[in-house]
Amino acid sequence: MKAKMRMLLDMPVNDCEDYNSLAAFGVDMENIDNEMLMLVGLFKKAKSGDVQAVKEVRNILGKDNSAEEIKIRKQELKLKQEAARSGAPGEQELSQLFNALLSDDTEDDKK
């Protein structure tokens with residue numbers, strides 16, 4: 001399915017009006033294809049103030065990393081859940097464990 005979509009996007013624009021619109025927009029003839037047609041349409045929507053279009057433009061440019069942040073948060077949650085199931089100590093328990101070990105060391109030094 002991805003290959004078919006890529007094929008469609010790479011095809012030249014076959015509508016005279018769309019072709020002329022892209023040429024008038026300043027797109028070089030060798031870059032006029034269906035993908036460029038979609039990108040220019042998205043750009044025009046973003047330029048008119050369409051917030052979803054602006055977000056998509058930012059996403060395409062790699063400036064919107066909210067999806068990546070969500071993915072990282074989900075991975076963190078999964079790791080914490082696995083640690084809880086396995087009985088591994090959590091952050092608070094580790095802190096208490098370190099404090100207990102340190103206090104044991106200082107008591108041993110006093111003896």
# chains A, B, ... in the order shown; residues from 1 in each chain; ligands from 1
$ closest_atom_pairs --of "range 30-107 of chain A" --to "range 10-24 of chain A" --cutoff "9 Å" --atoms "only C-alpha atoms" --output "tab-separated table"
residue	atom	partner	partner_atom	distance
A:Asn31	CA	A:Pro12	CA	8.9
A:Ile32	CA	A:Pro12	CA	6.4
A:Asp33	CA	A:Pro12	CA	4.3
A:Asn34	CA	A:Val13	CA	5.4
A:Glu35	CA	A:Asp10	CA	6.4
A:Met36	CA	A:Leu22	CA	8.1
A:Leu37	CA	A:Leu22	CA	6.9
A:Val40	CA	A:Leu22	CA	7.7
$ residues_around --residues "Leu39 in chain A" --least-positions-apart "6" --cutoff "10 Å" --atoms "only C-alpha atoms" --output "PyMOL selection string"
chain A and resi 45+57+60
$ write_last_selection --atoms "C-alpha atoms" --output "PDB file, in the first residue's frame"
ATOM      1  CA  LYS A  45      -4.155  26.073   4.285  1.00  0.00           C
ATOM      2  CA  VAL A  57       3.708  21.430   8.400  1.00  0.00           C
ATOM      3  CA  ILE A  60       6.777  17.350   8.293  1.00  0.00           C
TER       4      ILE A  60
END
$ atom_distance --atom1 "CA of Phe43 in chain A" --atom2 "CA of Lys2 in chain A"
23.0 Å
$ atom_distance --atom1 "CA of Phe25 in chain A" --atom2 "CA of Gln52 in chain A"
22.1 Å
$ select_by_dssp --residues "range 19-111 of chain A" --states "alpha helix (DSSP H)" --output "PyMOL selection string"
chain A and resi 19-25+34-47+51-61+66-86+91-110
